[in-house]
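Data block for model_23.cif (mmCIF, C-alpha atoms):
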```cif
data_data
#
loop_
_atom_site.label_atom_id
_atom_site.label_comp_id
_atom_site.auth_asym_id
_atom_site.auth_seq_id
_atom_site.Cartn_x
_atom_site.Cartn_y
_atom_site.Cartn_z
CA MET A 1 28.62 81.59 281.87
CA LEU A 2 27.49 83.67 278.92
CA ILE A 3 30.03 84.62 276.28
CA ARG A 4 29.71 87.27 273.63
CA GLU A 5 32.07 88.56 270.98
CA ILE A 6 32.93 92.17 271.69
CA SER A 7 33.07 94.88 269.04
CA LEU A 8 36.19 96.39 267.49
CA ALA A 9 35.64 99.57 269.51
CA GLU A 10 35.38 97.54 272.73
CA CYS A 11 38.55 95.61 271.84
CA LEU A 12 40.49 98.84 271.30
CA ARG A 13 39.08 100.39 274.49
CA PHE A 14 40.20 97.31 276.39
CA LEU A 15 43.71 97.62 274.94
CA THR A 16 43.89 101.24 276.13
CA GLY A 17 43.87 100.16 279.76
CA THR A 18 46.18 97.20 279.28
CA ARG A 19 49.83 97.03 280.23
CA LEU A 20 50.67 93.37 280.62
CA ALA A 21 50.29 91.33 277.45
CA ARG A 22 51.65 88.18 275.88
CA LEU A 23 53.45 88.47 272.59
CA ALA A 24 53.91 85.47 270.28
CA CYS A 25 56.35 85.32 267.42
CA ALA A 26 57.31 82.37 265.23
CA HIS A 27 60.45 81.02 263.61
CA GLU A 28 60.21 78.15 261.14
CA ASN A 29 56.69 77.52 262.45
CA GLN A 30 57.86 77.17 266.08
CA PRO A 31 55.85 79.71 268.10
CA TYR A 32 57.31 81.42 271.15
CA ILE A 33 55.42 83.45 273.78
CA VAL A 34 56.79 86.09 276.10
CA PRO A 35 55.00 88.27 278.63
CA VAL A 36 55.65 91.88 277.70
CA TYR A 37 54.63 95.35 278.62
CA LEU A 38 52.86 97.04 275.71
CA ALA A 39 51.28 100.48 275.55
CA TYR A 40 48.41 101.13 273.19
CA HIS A 41 48.29 104.40 271.32
CA ARG A 42 45.97 105.71 268.67
CA PRO A 43 46.96 109.08 267.23
CA LEU A 44 44.31 111.53 266.05
CA ARG A 45 45.42 110.72 262.53
CA GLY A 46 46.96 107.39 261.81
CA GLU A 47 46.57 103.79 262.77
CA ALA A 48 46.27 102.25 266.22
CA CYS A 49 49.47 100.56 267.39
CA LEU A 50 50.97 98.86 270.38
CA TYR A 51 54.37 100.16 271.49
CA GLY A 52 56.99 98.17 273.33
CA PHE A 53 60.50 98.32 274.60
CA THR A 54 62.99 95.54 275.20
CA THR A 55 66.63 94.54 274.91
CA PRO A 56 67.97 92.30 272.13
CA GLY A 57 67.27 88.59 272.49
CA GLN A 58 65.60 85.62 270.86
CA LYS A 59 62.24 87.26 270.26
CA ILE A 60 63.81 90.33 268.63
CA ALA A 61 65.91 88.10 266.36
CA TRP A 62 62.82 86.10 265.44
CA MET A 63 60.64 89.16 264.83
CA ARG A 64 63.32 90.77 262.67
CA SER A 65 63.29 87.62 260.58
CA ASN A 66 59.50 87.14 260.61
CA PRO A 67 57.45 90.20 261.62
CA LEU A 68 54.13 88.31 261.96
CA VAL A 69 53.08 88.40 265.61
CA CYS A 70 50.08 87.83 267.85
CA VAL A 71 49.24 89.68 271.06
CA GLU A 72 46.90 88.43 273.76
CA VAL A 73 45.55 90.42 276.69
CA GLU A 74 43.06 89.32 279.27
CA GLU A 75 41.39 90.37 282.49
CA VAL A 76 40.05 87.59 284.65
CA THR A 77 37.79 88.74 287.48
CA ALA A 78 36.31 85.31 288.13
CA TYR A 79 36.19 82.07 286.19
CA ASP A 80 32.92 83.20 284.61
CA ARG A 81 33.76 86.90 284.30
CA TRP A 82 36.62 87.76 282.01
CA VAL A 83 37.61 89.63 278.88
CA SER A 84 40.12 88.28 276.37
CA VAL A 85 41.40 90.14 273.31
CA ILE A 86 43.61 88.63 270.61
CA ALA A 87 45.32 90.80 268.00
CA SER A 88 47.31 89.66 264.99
CA GLY A 89 49.76 92.12 263.56
CA ARG A 90 53.22 92.98 262.32
CA TYR A 91 56.32 93.86 264.28
CA GLU A 92 58.12 97.01 263.22
CA GLU A 93 61.31 98.22 264.85
CA LEU A 94 61.83 101.89 265.58
CA PRO A 95 65.57 102.25 265.07
CA ASP A 96 67.66 105.15 266.28
CA VAL A 97 68.30 106.58 262.82
CA ALA A 98 67.61 109.89 261.16
CA GLY A 99 64.10 110.21 259.82
CA ARG A 100 62.60 107.67 262.21
CA ASN A 101 63.39 109.29 265.53
CA GLY A 102 60.01 110.99 265.73
CA GLU A 103 58.14 107.75 266.28
CA ARG A 104 60.88 106.40 268.53
CA LEU A 105 60.51 109.45 270.76
CA LEU A 106 56.73 109.02 270.68
CA ALA A 107 57.15 105.40 271.78
CA HIS A 108 59.44 106.52 274.60
CA GLU A 109 56.94 109.13 275.76
CA ILE A 110 54.00 106.73 275.67
CA LEU A 111 55.90 104.01 277.50
CA GLN A 112 57.26 106.36 280.12
CA ALA A 113 53.86 108.00 280.68
CA GLN A 114 52.26 104.62 281.26
CA ALA A 115 55.18 103.31 283.33
CA ILE A 116 57.20 100.26 282.38
CA TRP A 117 57.15 97.65 285.09
CA TRP A 118 57.16 94.27 283.44
CA GLU A 119 59.19 92.09 281.12
CA PRO A 120 62.12 89.96 282.16
CA ALA A 121 64.45 91.35 279.46
CA SER A 122 63.97 94.98 280.46
CA SER A 123 63.93 94.08 284.11
CA VAL A 124 67.17 92.17 283.96
CA TYR A 125 68.67 95.29 282.52
CA ALA A 126 66.98 97.39 285.18
CA SER A 127 68.39 95.29 287.98
CA ARG A 128 71.87 95.19 286.51
CA ILE A 129 72.31 98.85 285.78
CA GLN A 130 74.37 100.88 288.19
CA PRO A 131 73.43 104.52 288.74
CA ASP A 132 77.02 105.72 288.54
CA ALA A 133 78.51 103.27 286.07
CA PRO A 134 75.76 102.12 283.73
CA GLU A 135 76.49 99.14 281.52
CA PRO A 136 76.12 99.51 277.76
CA PHE A 137 72.43 99.92 277.10
CA ILE A 138 70.94 98.93 273.74
CA PRO A 139 67.22 99.60 273.93
CA VAL A 140 65.01 98.22 271.19
CA PHE A 141 61.82 100.18 270.65
CA TYR A 142 59.17 98.64 268.46
CA LYS A 143 55.57 98.95 267.48
CA ILE A 144 53.00 96.41 266.47
CA ARG A 145 50.60 97.36 263.70
CA ILE A 146 47.30 95.67 264.40
CA ASP A 147 45.90 93.87 261.34
CA HIS A 148 43.11 91.90 262.94
CA ILE A 149 41.56 91.92 266.39
CA THR A 150 38.89 89.88 268.13
CA GLY A 151 37.65 89.82 271.69
CA HIS A 152 35.29 87.93 273.94
CA GLU A 153 33.63 88.81 277.22
CA ALA A 154 32.23 86.31 279.67
CA THR A 155 29.55 87.29 282.15
CA GLN A 156 27.81 85.34 284.83
CA ASP A 157 24.91 83.18 283.72
CA PRO A 158 22.22 83.48 286.40
CA ARG A 159 20.99 79.99 285.49
CA GLU A 160 24.27 78.43 286.53
CA VAL A 161 25.03 77.45 290.11
CA ILE A 162 28.48 78.87 290.44
CA SER A 163 31.09 79.90 292.88
CA ASP A 164 31.60 83.64 293.21
CA SER A 165 35.34 83.47 293.68
CA VAL A 166 38.24 83.44 291.27
CA ALA A 167 39.02 79.88 292.32
CA ALA A 168 37.78 77.07 290.16
CA PRO A 169 34.70 75.25 291.40
CA PRO A 170 35.63 72.09 293.27
CA ALA A 171 35.42 68.77 291.50
CA GLY A 172 31.85 67.58 291.55
CA ARG A 173 30.52 71.07 290.96
CA LEU A 174 31.61 71.41 287.37
CA GLY A 175 28.19 72.46 286.13
CA ARG A 176 26.98 71.76 282.62
CA LEU A 177 30.37 71.17 281.06
CA GLY A 178 31.27 68.64 283.74
CA ARG A 179 27.95 66.88 283.34
CA ALA A 180 28.43 66.84 279.57
CA LEU A 181 31.90 65.34 279.98
CA SER A 182 30.46 62.74 282.29
CA ARG A 183 27.81 61.88 279.71
CA VAL A 184 30.47 61.51 277.02
CA PHE A 185 32.62 59.30 279.20
CA GLY A 186 29.77 57.69 281.13
CA GLY A 187 31.35 58.94 284.35
CA MET B 1 63.80 93.94 291.06
CA LEU B 2 66.07 90.90 291.10
CA ILE B 3 65.50 88.22 288.49
CA ARG B 4 66.83 84.69 288.49
CA GLU B 5 66.37 81.76 286.16
CA ILE B 6 64.55 78.98 287.97
CA SER B 7 65.50 75.31 287.74
CA LEU B 8 63.73 72.64 285.71
CA ALA B 9 62.31 71.17 288.93
CA GLU B 10 60.97 74.60 289.94
CA CYS B 11 59.44 75.09 286.48
CA LEU B 12 57.62 71.75 286.69
CA ARG B 13 56.47 72.42 290.26
CA PHE B 14 55.08 75.75 289.09
CA LEU B 15 53.18 74.04 286.28
CA THR B 16 51.61 71.63 288.79
CA GLY B 17 49.64 74.41 290.39
CA THR B 18 48.74 76.15 287.16
CA ARG B 19 45.38 76.08 285.45
CA LEU B 20 45.21 79.14 283.24
CA ALA B 21 47.83 79.23 280.50
CA ARG B 22 48.36 80.75 277.08
CA LEU B 23 48.90 78.42 274.17
CA ALA B 24 50.53 79.60 270.95
CA CYS B 25 50.42 77.73 267.67
CA ALA B 26 51.57 78.84 264.22
CA HIS B 27 50.39 78.47 260.65
CA GLU B 28 52.63 79.60 257.80
CA ASN B 29 54.69 81.50 260.39
CA GLN B 30 51.67 83.47 261.67
CA PRO B 31 51.50 82.83 265.43
CA TYR B 32 48.18 82.73 267.27
CA ILE B 33 47.65 82.80 271.05
CA VAL B 34 44.67 81.56 273.01
CA PRO B 35 44.10 81.45 276.74
CA VAL B 36 43.44 77.84 277.70
CA TYR B 37 42.98 75.66 280.69
CA LEU B 38 45.78 73.09 280.93
CA ALA B 39 46.41 70.47 283.58
CA TYR B 40 49.92 69.27 284.25
CA HIS B 41 50.50 65.61 284.92
CA ARG B 42 53.64 63.58 285.40
CA PRO B 43 53.07 59.83 285.72
CA LEU B 44 55.33 57.70 287.89
CA ARG B 45 56.78 56.31 284.69
CA GLY B 46 56.67 58.39 281.57
CA GLU B 47 57.09 61.95 280.50
CA ALA B 48 55.55 65.08 281.94
CA CYS B 49 52.71 66.47 279.83
CA LEU B 50 50.08 69.16 279.82
CA TYR B 51 46.53 68.01 279.11
CA GLY B 52 43.79 70.09 277.59
CA PHE B 53 40.28 69.92 276.30
CA THR B 54 38.54 72.05 273.70
CA THR B 55 36.12 72.01 270.80
CA PRO B 56 37.21 72.13 267.14
CA GLY B 57 38.26 75.51 265.83
CA GLN B 58 41.12 77.45 264.31
CA LYS B 59 43.76 76.44 266.83
CA ILE B 60 42.93 72.73 266.52
CA ALA B 61 43.13 72.97 262.72
CA TRP B 62 46.45 74.76 262.99
CA MET B 63 47.91 72.33 265.55
CA ARG B 64 46.81 69.33 263.49
CA SER B 65 48.73 70.85 260.59
CA ASN B 66 51.73 72.01 262.65
CA PRO B 67 52.10 70.41 266.10
CA LEU B 68 54.83 72.82 267.31
CA VAL B 69 53.41 74.88 270.18
CA CYS B 70 54.49 77.13 273.04
CA VAL B 71 52.83 77.46 276.44
CA GLU B 72 53.25 80.37 278.82
CA VAL B 73 52.13 80.53 282.43
CA GLU B 74 52.72 83.29 284.90
CA GLU B 75 51.84 84.45 288.39
CA VAL B 76 52.11 88.15 289.02
CA THR B 77 51.93 89.17 292.67
CA ALA B 78 53.36 92.63 292.12
CA TYR B 79 55.27 94.29 289.34
CA ASP B 80 58.53 93.19 290.96
CA ARG B 81 57.34 89.82 292.23
CA TRP B 82 56.34 87.31 289.59
CA VAL B 83 57.09 83.92 288.12
CA SER B 84 56.94 83.21 284.38
CA VAL B 85 57.44 79.81 282.76
CA ILE B 86 57.67 79.20 279.01
CA ALA B 87 57.48 75.68 277.56
CA SER B 88 58.00 74.66 273.95
CA GLY B 89 56.48 71.38 272.91
CA ARG B 90 54.40 69.33 270.55
CA TYR B 91 50.64 69.01 270.29
CA GLU B 92 49.25 65.50 270.24
CA GLU B 93 45.57 64.73 269.92
CA LEU B 94 44.00 61.97 271.97
CA PRO B 95 41.35 60.66 269.60
CA ASP B 96 38.43 58.47 270.57
CA VAL B 97 39.75 55.35 268.87
CA ALA B 98 40.63 51.86 270.04
CA GLY B 99 44.09 51.61 271.53
CA ARG B 100 44.28 55.27 272.54
CA ASN B 101 41.34 55.51 274.92
CA GLY B 102 43.49 54.90 277.97
CA GLU B 103 45.25 58.21 277.71
CA ARG B 104 42.04 59.99 276.69
CA LEU B 105 40.38 58.71 279.86
CA LEU B 106 43.43 59.76 281.87
CA ALA B 107 43.16 63.27 280.37
CA HIS B 108 39.47 63.37 281.27
CA GLU B 109 40.19 62.33 284.84
CA ILE B 110 42.98 64.86 285.30
CA LEU B 111 40.95 67.68 283.80
CA GLN B 112 37.84 66.86 285.80
CA ALA B 113 39.80 66.50 289.04
CA GLN B 114 41.36 69.90 288.59
CA ALA B 115 38.12 71.51 287.37
CA ILE B 116 37.73 73.09 283.97
CA TRP B 117 36.68 76.70 284.23
CA TRP B 118 38.32 78.63 281.45
CA GLU B 119 38.59 78.79 277.70
CA PRO B 120 36.14 80.54 275.43
CA ALA B 121 35.69 77.53 273.14
CA SER B 122 34.72 75.13 275.90
CA SER B 123 32.73 77.78 277.65
CA VAL B 124 30.71 78.68 274.59
CA TYR B 125 29.79 75.06 274.43
CA ALA B 126 29.05 75.00 278.14
CA SER B 127 26.68 77.94 277.89
CA ARG B 128 24.91 76.57 274.84
CA ILE B 129 24.29 73.06 276.03
CA GLN B 130 20.82 72.25 277.31
CA PRO B 131 20.48 69.68 280.10
CA ASP B 132 17.56 67.92 278.43
CA ALA B 133 18.44 68.36 274.77
CA PRO B 134 22.20 68.62 274.45
CA GLU B 135 23.59 69.77 271.14
CA PRO B 136 26.08 67.54 269.33
CA PHE B 137 29.24 67.55 271.40
CA ILE B 138 32.61 66.90 269.78
CA PRO B 139 35.23 67.19 272.51
CA VAL B 140 38.88 67.32 271.48
CA PHE B 141 41.28 66.04 274.13
CA TYR B 142 44.95 66.69 273.61
CA LYS B 143 48.26 66.63 275.35
CA ILE B 144 51.38 68.73 274.97
CA ARG B 145 54.69 66.96 275.26
CA ILE B 146 57.17 69.38 276.78
CA ASP B 147 60.45 69.53 274.84
CA HIS B 148 62.03 72.57 276.45
CA ILE B 149 61.15 74.66 279.46
CA THR B 150 62.56 77.81 281.04
CA GLY B 151 61.37 79.98 283.88
CA HIS B 152 62.20 83.20 285.65
CA GLU B 153 61.33 84.52 289.08
CA ALA B 154 61.41 88.16 290.09
CA THR B 155 61.80 89.20 293.68
CA GLN B 156 61.91 92.58 295.30
CA ASP B 157 65.25 94.36 295.25
CA PRO B 158 65.62 96.10 298.62
CA ARG B 159 67.86 98.71 296.98
CA GLU B 160 65.01 99.89 294.78
CA VAL B 161 62.50 102.52 295.90
CA ILE B 162 59.33 100.86 294.76
CA SER B 163 55.62 100.77 295.20
CA ASP B 164 54.29 97.77 297.09
CA SER B 165 51.14 97.43 295.05
CA VAL B 166 50.35 95.56 291.86
CA ALA B 167 49.82 98.88 290.13
CA ALA B 168 52.65 100.32 288.12
CA PRO B 169 54.61 103.10 289.75
CA PRO B 170 53.38 106.52 288.62
CA ALA B 171 55.32 108.37 285.95
CA GLY B 172 58.23 110.12 287.55
CA ARG B 173 58.93 107.19 289.84
CA LEU B 174 60.19 104.79 287.21
CA GLY B 175 63.36 103.90 289.09
CA ARG B 176 66.56 102.92 287.38
CA LEU B 177 65.01 101.85 284.08
CA GLY B 178 63.15 105.15 283.75
CA ARG B 179 66.30 107.09 284.61
CA ALA B 180 68.24 105.04 282.07
CA LEU B 181 65.63 105.76 279.40
CA SER B 182 65.84 109.43 280.26
CA ARG B 183 69.60 109.31 279.88
CA VAL B 184 69.27 107.67 276.48
CA PHE B 185 66.74 110.21 275.32
CA GLY B 186 68.07 113.12 277.31
CA GLY B 187 64.64 113.49 278.93
#
```

Would it be possible to restate this file's structure as structure tokens?
Amino acid sequence: MLIREISLAECLRFLTGTRLARLACAHENQPYIVPVYLAYHRPLRGEACLYGFTTPGQKIAWMRSNPLVCVEVEEVTAYDRWVSVIASGRYEELPDVAGRNGERLLAHEILQAQAIWWEPASSVYASRIQPDAPEPFIPVFYKIRIDHITGHEATQDPREVISDSVAAPPAGRLGRLGRALSRVFGG
Amino acid sequence: MLIREISLAECLRFLTGTRLARLACAHENQPYIVPVYLAYHRPLRGEACLYGFTTPGQKIAWMRSNPLVCVEVEEVTAYDRWVSVIASGRYEELPDVAGRNGERLLAHEILQAQAIWWEPASSVYASRIQPDAPEPFIPVFYKIRIDHITGHEATQDPREVISDSVAAPPAGRLGRLGRALSRVFGG
């Protein structure tokens, strides 16, 4: 396969269409990953951010203590056709307090417009809630300011003999990497 | 959707069939995520580990400095049908030195048997290498000892009115969570 680094504009365009992402936070140098739903938004004036919604839990406690985070999104069409974008940034909570409600409402609008459908924390809440007697609901809205972003795109290399499916090639058809490994190990 | 925590045995069984994972490491409390190919292996005697292969780069430098890592794997069939497993563990390199080659060879065998087909770092190498004049090749084999693992499975809740496709439900059909958000915001 052929791999190229994609431009900043391409990275941001890719984020626009993304819903499912993985968010990593760290506490005392122990990283932790969770799959989350994030919505990308870039206002006409202002910086590009990712907006999310969750309920309190370990990751919120960790991000309140250490706001440095990393977000990864990917789209795998086949083993040799994929896009992967990695963004480093800072977690910022959007609390329900006077003077900050504007951005909290914006986050709500963006998330609702793009439809929330992932994340265990939110979903547990969603499955527990009763239409007539809702349990106490403490939503946490947050945004991630993107400090640094990189992306890569893989496309098919016509020189390679490859499978055209998402499945990995069977053993024995590993191509150049497999042959290289065999050379290294004499296999 | 209905969400349940899955057992340790279910988590490990899920890892057995997994190839694509996300690996997070951290340096000075800045987390970093990369999509990687990992192969799970549990010997008859000994601990269960994930084995990986890559070329030197930022994540290897970071994991050499701080071996604490987190691995996330998921399988999303639909927005209300998915499995997600999160494992915390420690990175351990399998260097090409006397006395350690046994496990390095084991890693090679496991990875080759299950077919390597992902990871930008390895793939960049794979696309660069020439069959007749290979460039210098410095493979890094590693394993991740699993210290802690949790998993969740979502299944369809027959009480919910939901879409049956992978796509998110359109705005206006957000179900209970959307209605709850609207109650919170008065929308």

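Straight-line separation from atom CA of B:Cys70 to atom CA of A:Leu8: 27.1 Å.
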
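The interatomic distance for the pair atom CA of A:Cys49 and atom CA of A:Ile110 works out to 11.3 Å.
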
Notebook entry, point to check: Could you pull the residues within 10 Å of stretch 95-99 of chain A, counting only C-alpha atoms, minus those fewer than 2 positions along the same chain, as a ChimeraX atom specification?
Noted result: /A:92-93,101-105,139-142

Margin query: Just checking: using only C-alpha atoms, which residue out of A:Glu5, A:Glu72, A:Glu153, A:Glu47 ends up closest to A:Ala21?
Written below: A:Glu72

Margin query: Taking all atoms listed in the file into account, name the residue in A:His41, A:Lys143, A:Arg13, A:His152 that is nearest to chain B.
Written below: A:His152

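Residue nearest B:Val71 within the list B:Pro158, B:Pro35, B:His27, B:Ser88: B:Ser88 [criterion: smallest interatomic distance, all atoms listed in the file].
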
Note to self: Which residues would end up in the selection if the PyMOL selection byres ((chain A and resi 74) around 9) were applied here, given that I need the answer as a VMD selection string?
What the structure shows: (chain A and resid 14 18 20 to 21 72 to 73 75 to 76 82 to 86) or (chain B and resid 35)

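Checking B:Arg45, B:Arg64, B:Arg145, B:Arg90 one by one against chain A, counting only C-alpha atoms, you find the shortest gap at B:Arg90.
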
Checklist line | 10 Å contact set for B:Asn66, only C-alpha atoms, chain neighbours under 2 positions out, as an NGL selection string | finding: (:A and (29-30)) or (:B and (25-28 or 60-64 or 68-69 or 90-91))

For the residues in the current selection, export C-alpha atoms as a tab-separated table (two decimals), keeping the file's coordinate frame.
```tsv
chain	number	residue	atom	x	y	z
A	29	ASN	CA	56.69	77.52	262.45
A	30	GLN	CA	57.86	77.17	266.08
B	25	CYS	CA	50.42	77.73	267.67
B	26	ALA	CA	51.57	78.84	264.22
B	27	HIS	CA	50.39	78.47	260.65
B	28	GLU	CA	52.63	79.60	257.80
B	60	ILE	CA	42.93	72.73	266.52
B	61	ALA	CA	43.13	72.97	262.72
B	62	TRP	CA	46.45	74.76	262.99
B	63	MET	CA	47.91	72.33	265.55
B	64	ARG	CA	46.81	69.33	263.49
B	68	LEU	CA	54.83	72.82	267.31
B	69	VAL	CA	53.41	74.88	270.18
B	90	ARG	CA	54.40	69.33	270.55
B	91	TYR	CA	50.64	69.01	270.29
```
